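What follows is one structure encoded as structure tokens, with my remarks underneath.
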Amino acid sequence: MGKELVATAAEANAKSLPECINSSNPFHECSDYCIRKIAEARQRLDDEVPDSSKRPPEERTLHPDCINASNPYHDCSEYCFKRIADAKAGSFCSIDFIVELPYHVLSLYVVTGSERAQKEDAGKSHVAEQQSEENEAGKQEDAAGVDDGYPQMTEKQRKLFELQLKMNEARKANQQAMVAEKKRMEPRGESRGVSKQKWLEDRKKKIGKLLDSNGLDMSKAYMLDTQETAEVKYKKWEKEPAPHGWDVFNQKTLYDAYKKRTKNIEVDMEAYNKAKESDPEFYRDASSLQYGKVSKVPEENIDKMVKELKDREAKRQSFSRRRKFNEDKDIDSINDRNEHFNKKIERAFGKYTLEIKNNLERGTALPD
Amino acid sequence: MAEHVGFSPWRSRPPRRVGGGVEAASDPSIGVLTEARLPRVTRVKNKSSSKLQITAEQIIREAREQREPEHPRGPARKIADADELAEYLLGERKKFEDAVRRAASCGSPSAWVRYAEWEERRGDLHRARSVYERALSSSAAAQRDHALWVRYAEFEMRSRCVSHARNVWDRAVALLPRVDQLWLKYAHMEETLGAVANARQVFDRWMAWRPGASGWCSYAKFELRYGEVDHARAVYERFVAEHPRPEALIRYAKFEAKRGEVERARWVYERAADVLTDDNEDAEALFMVFAEFEEGCGEMERAPTIYKYALDKMPKGRTDELYRKLLAFEKQFGECEGIEDAIVGKRRIQYEDEVRKNPLNYDSWFDLIRLEESVGEKERIREVYERAVTNVPPAEEKRYWRRYILPMD
């Protein structure tokens with residue numbers, strides 16, 4: 001039945017136009033209605049976006065089986081092709097990497113092949129057997145499936161195609177890196193009293209399109225998050241805020257630092273056992289009279305201790321990060337000490353004096 | 001008054017109108033004799049802005065540009081022989097001593113520490129030691145400064161003087177027994193040096209001061225690092241005797257569970273359940289952890305009994321979490337009855353509450369009756385009916401009795 005599945009999908013796909021919005025559905029067959037809709041969409045696009053640079057490019061690398069085919073801006077890449085090939089091959093053997101699973105867990109997996117459905121009643125041992133059987137079947141199909149991922153292309157053409165994909169990806173990555181660097185390097189704008197508005201606008205720009213396409217409001221922007229990003233967010237909320245300011249070295253953090261250091265202790269069991277034998281009072285308690293007795297400590301241990309201390313000190317250097325010097329900031333100090341003082345004062349009172357400062361800069365106070 | 005064409009940035013007066021004197025002279029209303037010599041305030045006739053203007057920003061910029069370099073370096077010296085070296089050192093020490101005297105008024109020992117570190121860098125351990133000792137005896141507050149003790153001890157450790165270091169740690173720990181950091185660092189030093197017996201003694205001395213959970217746990221972990229499971233167990237026993245709280249018991253039980261000692265773990269959990277008082281917040285956590293442990297062991301009958309026991313014992317307000325877990329557990333492993341029981345149980349408690357609050361509210365009685373009927377246990381239904389019927393309406397008025405008689409209104 002699995003093979004039939006693919007066959008039907010293939011023949012269904014033959015009728016599905018890549019520009020149809022239902023093209024990602026493998027069973028969809030385009031009809032007159034679809035063709036009409038496509039024409040309308042094209043018309044709308046022409047009306048909306050007269051600027052041809054923003055239009056979806058006419059030529060794009062598109063595989064009709066890609067699930068993003070309906071997205072006019074989508075460019076199929078390596079990943080897309082791999083996924084398509086996997087999906088096709090997967091209908092034969094989706095779980096060929098599992099050898100032994102408890103029976104009730106296996107039954108939870110989605111099963112496509114009818115042979116699997118029949119053999120579901122078999123026990124665990126049969127399952128293992130069956131897996132290896134399907135492995136072989138799967139591998140054969142796999143080999144066939146890979147070629148099916150790139151229809152109507154010879155080896156050479158396929159290679160050329162892949163190279164083009166890689167070039168596209170590289171271009172995109174370069175662009176993004178360039179933009180990010182520019183943003184980092186250029187002087188950061190005046191952050192006094194401007195930030196919230198600008199941040200809101202930026203955000204709106206970024207997700208505005210997505211929101212509109214899903215018919216969402218700004219207040220429901222969280223609906224756009226995938227499960228992974230949402231989980232990351234929840235984790236962040238649940239995390240306790242790290243102590244800052246005078247509280248950085250409280251008992252808890254010092255204890256945690258100690259625990260980290262204990263991970264680096266090298267436990268020398270032979271020396272330990274030797275010491276245990278030689279010393280009658282090995283398990284001392286607090287009142288033992290061995291306290292204060294001079295014990296000979298081998299040199300290497302002292303070396304170890306000194307080395308550990310030096311490592312700790314080196315680590316301490318990187319405790320505070322050095323901030324970037326902003327040359328374009330207004331100078332409001334006559335001195336280095338003055339500058340340092342101004343920084344401290346800004347940290348403490350900045351948010352309260354923001355209004356006053358802005359008013360002074362402007363020359364007049366706002367009538368709020 | 002001399003007119004300043006330039007401007008002195010350290011004067012705090014507003015910018016003077018530079019052209020004022022010239023114009024005053026040309027003003028016929030003020031006589032020539034009064035021109036700029038009299039100390040009285042000239043009446044300003046011309047209020048237009050002067051040609052030379054300056055802003056605060058420019059003042060600041062000029063000040064910044066014209067400043068002298070901070071910390072100007074003296075000329076480079078070449079030290080030719082021992083005398084010159086002694087002179088140079090004397091000069092440096094004088095500077096440090098001055099700094100130390102200035103810092104004596106405020107509490108921070110940083111001046112002392114800088115002085116001692118300079119001596120250490122020179123290699124003069126005796127002097128460094130004496131500086132630290134002076135720092136410690138400079139004020140009572142300095143003796144209580146654990147950071148200073150740590151610096152002193154780390155100096156001794158860096159200079160490879162183990163006995164001196166031990167001495168310093170000993171004094172520090174005797175003076176400030178409540179500062180965990182000192183104990184931890186002391187024990188860590190002994191352990192790094194391989195003197196495990198000493199480390200054990202240090203930990204034991206620390207436990208005599210009855211520290212918090214972190215202290216006990218670090219002791220137990222230390223024992224486990226050397227594979228001394230029995231000793232670790234003894235430590236945990238003492239810990240639990242010291243802190244008879246659920247968190248301590250949970251930790252103990254988790255330690256046992258990790259060792260694979262299921263029996264012991266169970267015993268600890270049971271002790272915990274006995275030790276607990278009901279309105280303890282962590283009781284809930286304890287029961288949940290206990291039940292999870294039983295699940296993990298594969299004891300599918302004990303787990304729900306624990307949940308139910310907990311639900312009975314705990315005050316109603318804090319049972320949400322428990323109910324949720326019980327439901328989840330039943331859905332996973334239990335049978336139909338168990339799940340129903342759990343769900344019904346929660347409802348039952350709700351209705352019982354309502355009924356207790358308002359015994360004359362017959363609607364709540366009917367809810368309870370219907371719930372029991374849905375479960376289907378005859379005895380319980382009968383019992384509920386009996387209880388309901390005893391709540392006779394207070395007065396001989398028709399409207400009270402109406403509800404009593406007619407359930408379907």
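By convention here, the chains of the structure tokens are called A, B, ... in the order presented, each chain's residues are numbered starting at 1, and ligands are numbered starting at 1 in the order presented.
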
Handout entry: Contact set, chain A to chain B: 7 Å, only C-alpha atoms, as a PyMOL selection string
Key = chain A and resi 254+265+282-286+297+301-302+305-306+332-335

Using N, CA, C and O atoms, can you write the selected residues to a file as a CSV table (one decimal), in the first residue's frame?
chain,number,residue,atom,x,y,z
A,254,LEU,N,28.4,31.6,46.1
A,254,LEU,CA,29.7,31.1,46.5
A,254,LEU,C,29.7,29.6,46.7
A,254,LEU,O,30.7,28.9,46.3
A,265,ILE,N,38.5,18.4,41.0
A,265,ILE,CA,39.4,17.8,41.9
A,265,ILE,C,39.8,16.4,41.3
A,265,ILE,O,38.9,15.6,40.9
A,282,PHE,N,42.4,7.6,60.6
A,282,PHE,CA,42.1,8.2,59.3
A,282,PHE,C,40.8,8.9,59.3
A,282,PHE,O,40.6,9.9,58.7
A,283,TYR,N,39.9,8.3,60.0
A,283,TYR,CA,38.5,8.9,60.1
A,283,TYR,C,38.4,9.8,61.3
A,283,TYR,O,37.9,9.4,62.3
A,284,ARG,N,39.0,11.0,61.1
A,284,ARG,CA,39.1,11.8,62.3
A,284,ARG,C,37.7,12.5,62.5
A,284,ARG,O,37.1,12.9,61.5
A,285,ASP,N,37.5,12.8,63.7
A,285,ASP,CA,36.3,13.7,64.0
A,285,ASP,C,36.9,15.0,64.6
A,285,ASP,O,38.1,15.2,64.7
A,286,ALA,N,36.0,15.8,64.9
A,286,ALA,CA,36.4,17.2,65.3
A,286,ALA,C,37.3,17.2,66.4
A,286,ALA,O,38.2,18.1,66.5
A,297,VAL,N,53.4,17.2,53.0
A,297,VAL,CA,52.6,17.2,51.8
A,297,VAL,C,53.6,17.2,50.6
A,297,VAL,O,54.5,17.9,50.5
A,301,ASN,N,51.4,18.0,45.0
A,301,ASN,CA,50.1,18.5,45.4
A,301,ASN,C,50.1,20.0,45.6
A,301,ASN,O,49.2,20.7,45.3
A,302,ILE,N,51.2,20.5,46.1
A,302,ILE,CA,51.3,21.9,46.3
A,302,ILE,C,51.3,22.6,44.9
A,302,ILE,O,50.6,23.6,44.8
A,305,MET,N,47.8,22.7,43.8
A,305,MET,CA,47.1,23.8,44.5
A,305,MET,C,47.4,25.2,43.9
A,305,MET,O,46.5,26.0,43.6
A,306,VAL,N,48.7,25.4,43.7
A,306,VAL,CA,49.1,26.7,43.2
A,306,VAL,C,48.5,26.9,41.8
A,306,VAL,O,48.0,28.0,41.4
A,332,ASP,N,30.1,64.8,28.8
A,332,ASP,CA,29.6,65.6,29.9
A,332,ASP,C,30.5,65.6,31.1
A,332,ASP,O,30.0,65.8,32.2
A,333,SER,N,31.7,65.3,30.9
A,333,SER,CA,32.7,65.3,32.0
A,333,SER,C,34.0,65.9,31.6
A,333,SER,O,34.3,66.0,30.4
A,334,ILE,N,34.7,66.4,32.6
A,334,ILE,CA,35.9,67.1,32.2
A,334,ILE,C,37.2,66.3,32.5
A,334,ILE,O,38.3,66.7,32.4
A,335,ASN,N,37.0,65.0,32.9
A,335,ASN,CA,38.0,64.3,33.5
A,335,ASN,C,37.7,62.8,33.4
A,335,ASN,O,36.6,62.5,33.0

Handout entry: Expected answer as JSON, numbers by chain: alpha helix (DSSP H) residues in region 147-337 of chain B
Key = {"B": [147, 148, 149, 150, 151, 152, 153, 154, 155, 156, 157, 158, 162, 163, 164, 165, 166, 167, 168, 169, 170, 171, 172, 173, 174, 175, 180, 181, 182, 183, 184, 185, 186, 187, 188, 189, 190, 191, 192, 196, 197, 198, 199, 200, 201, 202, 203, 204, 205, 206, 207, 208, 213, 214, 215, 216, 217, 218, 219, 220, 221, 222, 223, 224, 225, 229, 230, 231, 232, 233, 234, 235, 236, 237, 238, 239, 240, 241, 242, 246, 247, 248, 249, 250, 251, 252, 253, 254, 255, 256, 257, 258, 259, 262, 263, 264, 265, 266, 267, 268, 269, 270, 271, 272, 273, 274, 275, 281, 282, 283, 284, 285, 286, 287, 288, 289, 290, 291, 292, 293, 294, 295, 296, 297, 302, 303, 304, 305, 306, 307, 308, 309, 310, 311, 312, 313, 320, 321, 322, 323, 324, 325, 326, 327, 328, 329, 330, 331, 332, 333, 336, 337]}

Print the selection's residues with C-alpha atoms to a file, as a compact mmCIF listing (two decimals), in the first residue's frame.
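The resulting file, out.txt, is shown below:
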# COMPACT_ATOMS: atom_id res chain seq x y z
CA ALA B 147 37.40 38.72 52.16
CA LEU B 148 40.57 39.92 53.82
CA TRP B 149 41.07 36.53 55.46
CA VAL B 150 40.58 34.83 52.13
CA ARG B 151 43.16 37.07 50.50
CA TYR B 152 45.64 36.41 53.27
CA ALA B 153 45.18 32.67 53.09
CA GLU B 154 45.39 32.64 49.30
CA PHE B 155 48.62 34.63 49.50
CA GLU B 156 50.09 31.96 51.76
CA MET B 157 48.87 29.24 49.45
CA ARG B 158 50.35 30.94 46.38
CA VAL B 162 51.31 25.21 53.58
CA SER B 163 51.65 25.41 57.35
CA HIS B 164 51.23 29.14 57.34
CA ALA B 165 48.16 28.76 55.17
CA ARG B 166 46.70 26.19 57.51
CA ASN B 167 47.35 28.51 60.38
CA VAL B 168 45.60 31.39 58.71
CA TRP B 169 42.62 29.28 57.74
CA ASP B 170 42.38 28.00 61.25
CA ARG B 171 42.27 31.46 62.72
CA ALA B 172 39.79 32.65 60.15
CA VAL B 173 37.48 29.76 60.74
CA ALA B 174 37.70 30.17 64.50
CA LEU B 175 36.81 33.85 64.27
CA ASP B 180 30.50 29.14 54.80
CA GLN B 181 33.04 30.32 52.28
CA LEU B 182 35.93 30.06 54.71
CA TRP B 183 35.10 26.49 55.67
CA LEU B 184 34.61 25.46 52.08
CA LYS B 185 37.88 26.95 50.94
CA TYR B 186 39.73 25.43 53.87
CA ALA B 187 38.39 21.98 53.19
CA HIS B 188 39.04 22.43 49.49
CA MET B 189 42.65 23.29 50.18
CA GLU B 190 43.15 20.22 52.33
CA GLU B 191 41.54 18.05 49.72
CA THR B 192 43.65 19.47 46.91
CA VAL B 196 41.95 13.85 53.13
CA ALA B 197 41.99 13.07 56.82
CA ASN B 198 42.57 16.73 57.56
CA ALA B 199 39.76 17.67 55.24
CA ARG B 200 37.49 15.28 57.06
CA GLN B 201 38.41 16.82 60.35
CA VAL B 202 37.70 20.28 58.99
CA PHE B 203 34.28 19.20 57.79
CA ASP B 204 33.57 17.64 61.11
CA ARG B 205 34.50 20.77 62.97
CA TRP B 206 32.23 22.67 60.67
CA MET B 207 29.30 20.39 61.32
CA ALA B 208 29.66 21.11 65.01
CA ALA B 213 21.80 22.23 54.12
CA SER B 214 24.60 23.25 51.77
CA GLY B 215 27.22 22.51 54.40
CA TRP B 216 25.91 19.08 55.14
CA CYS B 217 25.53 18.24 51.49
CA SER B 218 29.05 19.32 50.70
CA TYR B 219 30.31 17.04 53.46
CA ALA B 220 28.34 14.11 52.15
CA LYS B 221 29.53 14.75 48.60
CA PHE B 222 33.09 14.89 49.85
CA GLU B 223 32.70 11.45 51.39
CA LEU B 224 31.16 10.11 48.23
CA ARG B 225 34.05 11.41 46.16
CA VAL B 229 29.27 5.31 51.23
CA ASP B 230 28.77 4.34 54.86
CA HIS B 231 30.28 7.53 56.08
CA ALA B 232 28.14 9.51 53.67
CA ARG B 233 25.13 7.73 55.02
CA ALA B 234 26.13 8.61 58.57
CA VAL B 235 26.51 12.21 57.52
CA TYR B 236 23.04 12.21 56.00
CA GLU B 237 21.63 10.70 59.17
CA ARG B 238 23.14 13.47 61.22
CA PHE B 239 21.87 15.99 58.70
CA VAL B 240 18.38 14.68 58.93
CA ALA B 241 18.53 14.59 62.71
CA GLU B 242 19.71 18.18 62.64
CA PRO B 246 11.11 17.51 54.34
CA GLU B 247 13.83 18.93 52.10
CA ALA B 248 16.52 17.25 54.13
CA LEU B 249 14.68 13.95 54.07
CA ILE B 250 14.06 14.21 50.37
CA ARG B 251 17.75 14.72 49.77
CA TYR B 252 18.61 11.74 51.90
CA ALA B 253 16.10 9.58 50.13
CA LYS B 254 17.34 10.71 46.73
CA PHE B 255 20.86 9.79 47.74
CA GLU B 256 19.71 6.32 48.70
CA ALA B 257 17.69 5.97 45.55
CA LYS B 258 20.67 6.93 43.46
CA ARG B 259 22.69 4.23 45.17
CA VAL B 262 15.31 1.01 47.30
CA GLU B 263 14.44 -0.37 50.70
CA ARG B 264 16.35 2.26 52.55
CA ALA B 265 14.91 5.01 50.40
CA ARG B 266 11.43 3.83 51.14
CA TRP B 267 12.19 3.73 54.82
CA VAL B 268 13.46 7.29 54.70
CA TYR B 269 10.35 8.45 52.90
CA GLU B 270 8.18 6.80 55.49
CA ARG B 271 10.11 8.45 58.24
CA ALA B 272 9.60 11.71 56.46
CA ALA B 273 5.89 11.16 56.28
CA ASP B 274 5.81 10.49 60.02
CA VAL B 275 7.96 13.39 60.97
CA GLU B 281 4.15 23.51 52.77
CA ASP B 282 6.80 21.11 51.75
CA ALA B 283 4.67 18.20 52.80
CA GLU B 284 3.01 18.38 49.42
CA ALA B 285 6.34 18.30 47.67
CA LEU B 286 7.45 15.42 49.81
CA PHE B 287 4.45 13.30 49.01
CA MET B 288 4.75 14.00 45.34
CA VAL B 289 8.41 13.04 45.32
CA PHE B 290 7.60 9.92 47.32
CA ALA B 291 4.91 8.89 44.90
CA GLU B 292 7.16 9.52 41.94
CA PHE B 293 9.79 7.39 43.53
CA GLU B 294 7.30 4.58 43.97
CA GLU B 295 6.28 4.93 40.36
CA GLY B 296 9.89 4.77 39.38
CA CYS B 297 10.29 1.59 41.37
CA ARG B 302 1.61 2.05 46.47
CA ALA B 303 1.77 5.20 44.40
CA PRO B 304 -1.96 5.95 44.31
CA THR B 305 -2.30 5.02 47.97
CA ILE B 306 0.34 7.59 48.78
CA TYR B 307 -1.51 10.19 46.75
CA LYS B 308 -4.75 9.41 48.51
CA TYR B 309 -3.13 9.43 51.90
CA ALA B 310 -1.61 12.79 51.15
CA LEU B 311 -4.91 14.14 49.94
CA ASP B 312 -6.55 13.09 53.15
CA LYS B 313 -3.90 14.56 55.37
CA ASP B 320 -4.41 21.03 43.51
CA GLU B 321 -1.02 19.85 42.47
CA LEU B 322 -1.56 16.51 44.12
CA TYR B 323 -4.85 15.99 42.35
CA ARG B 324 -3.32 16.78 39.05
CA LYS B 325 -0.54 14.33 39.59
CA LEU B 326 -2.88 11.68 40.81
CA LEU B 327 -5.06 12.08 37.76
CA ALA B 328 -2.07 11.93 35.46
CA PHE B 329 -0.85 8.82 37.19
CA GLU B 330 -4.23 7.13 37.02
CA LYS B 331 -4.60 7.96 33.36
CA GLN B 332 -1.27 6.40 32.68
CA PHE B 333 -1.44 3.28 34.72
CA CYS B 336 -11.25 2.94 34.69
CA GLU B 337 -12.43 2.84 38.26

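Note that the spacing between CA of Asp75 (chain A) and CA of Glu169 (chain A) amounts to 9.6 Å.
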
Handout entry: Non-local contacts of Thr61 (chain A) (9 Å; only C-alpha atoms; under 6 positions in same chain excluded) as a list in words
Key = His74, Asp75, Cys76, Ser77, Phe161 and Leu165 of chain A

Practice task
Name the closest residue to Leu360 (chain B) among the candidates B:Ser374, B:Asn391, B:Ser108, B:Thr319; distances are taken between atoms, counting only C-alpha atoms.
Solution key: B:Asn391

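From CA of Leu176 (chain B) back to CA of Leu136 (chain B), the distance works out to 13.2 Å.
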
Might you pull out every residue within 10 Å of Ser23 (chain A), with only C-alpha atoms counted and same-chain residues fewer than 3 positions away left off, and present them as a compact mmCIF listing (two decimals) with N, CA, C and O atoms, in the first residue's frame?
# COMPACT_ATOMS: atom_id res chain seq x y z
N ASN A 13 0.04 14.71 -8.15
CA ASN A 13 0.88 15.90 -8.30
C ASN A 13 0.95 16.39 -9.73
O ASN A 13 1.16 17.55 -9.99
N LYS A 15 -1.24 16.92 -11.63
CA LYS A 15 -2.26 17.89 -11.96
C LYS A 15 -2.17 19.14 -11.09
O LYS A 15 -2.94 20.06 -11.25
N SER A 16 -1.27 19.15 -10.13
CA SER A 16 -1.25 20.26 -9.19
C SER A 16 -0.24 21.30 -9.65
O SER A 16 0.93 21.01 -9.81
N LEU A 17 -0.74 22.48 -9.89
CA LEU A 17 0.15 23.55 -10.34
C LEU A 17 0.96 24.07 -9.17
O LEU A 17 0.44 24.19 -8.07
N PRO A 18 2.20 24.41 -9.42
CA PRO A 18 3.03 24.86 -8.30
C PRO A 18 2.55 26.17 -7.69
O PRO A 18 2.82 26.45 -6.53
N GLU A 19 1.81 26.96 -8.48
CA GLU A 19 1.40 28.24 -7.89
C GLU A 19 0.10 28.16 -7.14
O GLU A 19 -0.32 29.13 -6.53
N CYS A 20 -0.51 26.98 -7.20
CA CYS A 20 -1.76 26.85 -6.48
C CYS A 20 -1.47 26.84 -4.98
O CYS A 20 -0.49 26.25 -4.53
N PRO A 26 -0.44 16.70 -1.12
CA PRO A 26 -0.04 15.77 -2.16
C PRO A 26 -1.19 15.19 -2.95
O PRO A 26 -1.02 14.67 -4.05
N PHE A 27 -2.39 15.27 -2.43
CA PHE A 27 -3.52 14.67 -3.12
C PHE A 27 -4.35 15.67 -3.90
O PHE A 27 -5.39 15.34 -4.44
N HIS A 28 -3.88 16.89 -3.92
CA HIS A 28 -4.70 17.93 -4.54
C HIS A 28 -4.60 17.87 -6.05
O HIS A 28 -3.53 17.67 -6.60
N GLU A 29 -5.74 18.03 -6.70
CA GLU A 29 -5.73 18.12 -8.17
C GLU A 29 -6.30 19.47 -8.55
O GLU A 29 -7.43 19.80 -8.18
N CYS A 30 -5.54 20.23 -9.31
CA CYS A 30 -6.00 21.56 -9.66
C CYS A 30 -7.13 21.50 -10.66
O CYS A 30 -7.10 20.78 -11.65
N PRO A 64 7.91 20.88 -7.09
CA PRO A 64 6.47 20.88 -6.85
C PRO A 64 6.06 20.08 -5.63
O PRO A 64 5.01 20.32 -5.05
N ASP A 65 6.92 19.15 -5.20
CA ASP A 65 6.54 18.35 -4.03
C ASP A 65 6.89 19.02 -2.72
O ASP A 65 6.53 18.54 -1.65
N CYS A 66 7.60 20.12 -2.80
CA CYS A 66 8.01 20.78 -1.55
C CYS A 66 6.78 21.31 -0.84
O CYS A 66 5.87 21.86 -1.46
N ILE A 67 6.79 21.18 0.50
CA ILE A 67 5.57 21.62 1.20
C ILE A 67 5.45 23.14 1.22
O ILE A 67 4.41 23.67 1.53
N ASN A 68 6.54 23.84 0.92
CA ASN A 68 6.47 25.29 0.87
C ASN A 68 6.22 25.80 -0.53
O ASN A 68 6.42 26.97 -0.81
N ALA A 69 5.77 24.89 -1.41
CA ALA A 69 5.63 25.31 -2.81
C ALA A 69 4.66 26.46 -2.96
O ALA A 69 4.82 27.29 -3.85
N SER A 70 3.66 26.50 -2.09
CA SER A 70 2.66 27.55 -2.26
C SER A 70 3.19 28.91 -1.88
O SER A 70 2.58 29.92 -2.20
N ASN A 71 4.33 28.97 -1.19
CA ASN A 71 4.90 30.26 -0.81
C ASN A 71 5.65 30.82 -2.01
O ASN A 71 6.64 30.24 -2.43

Exercise for the section: Find the residues around Asp328 (chain A) up to 8 Å (only C-alpha atoms counted), leave out those fewer than 2 positions away in its own chain, and share them as a ChimeraX atom specification. Expected result: /A:187,326,330

Next, dump the selected residues to file, keeping only N, CA, C and O atoms, as a PDB file, in the first residue's frame.
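Below is the file that was written, result-v5.pdb:
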ATOM      1  N   PRO A 187      27.656  53.923  14.969  1.00  0.00           N
ATOM      2  CA  PRO A 187      27.429  54.424  16.326  1.00  0.00           C
ATOM      3  C   PRO A 187      25.979  54.208  16.729  1.00  0.00           C
ATOM      4  O   PRO A 187      25.068  54.485  15.975  1.00  0.00           O
ATOM      5  N   ASN A 326      31.933  54.362  23.377  1.00  0.00           N
ATOM      6  CA  ASN A 326      31.077  55.006  22.406  1.00  0.00           C
ATOM      7  C   ASN A 326      31.598  56.406  22.170  1.00  0.00           C
ATOM      8  O   ASN A 326      31.365  57.316  22.969  1.00  0.00           O
ATOM      9  N   ASP A 330      27.773  62.190  23.799  1.00  0.00           N
ATOM     10  CA  ASP A 330      28.062  63.542  24.271  1.00  0.00           C
ATOM     11  C   ASP A 330      29.004  63.490  25.449  1.00  0.00           C
ATOM     12  O   ASP A 330      28.862  62.690  26.347  1.00  0.00           O
TER      13      ASP A 330
END
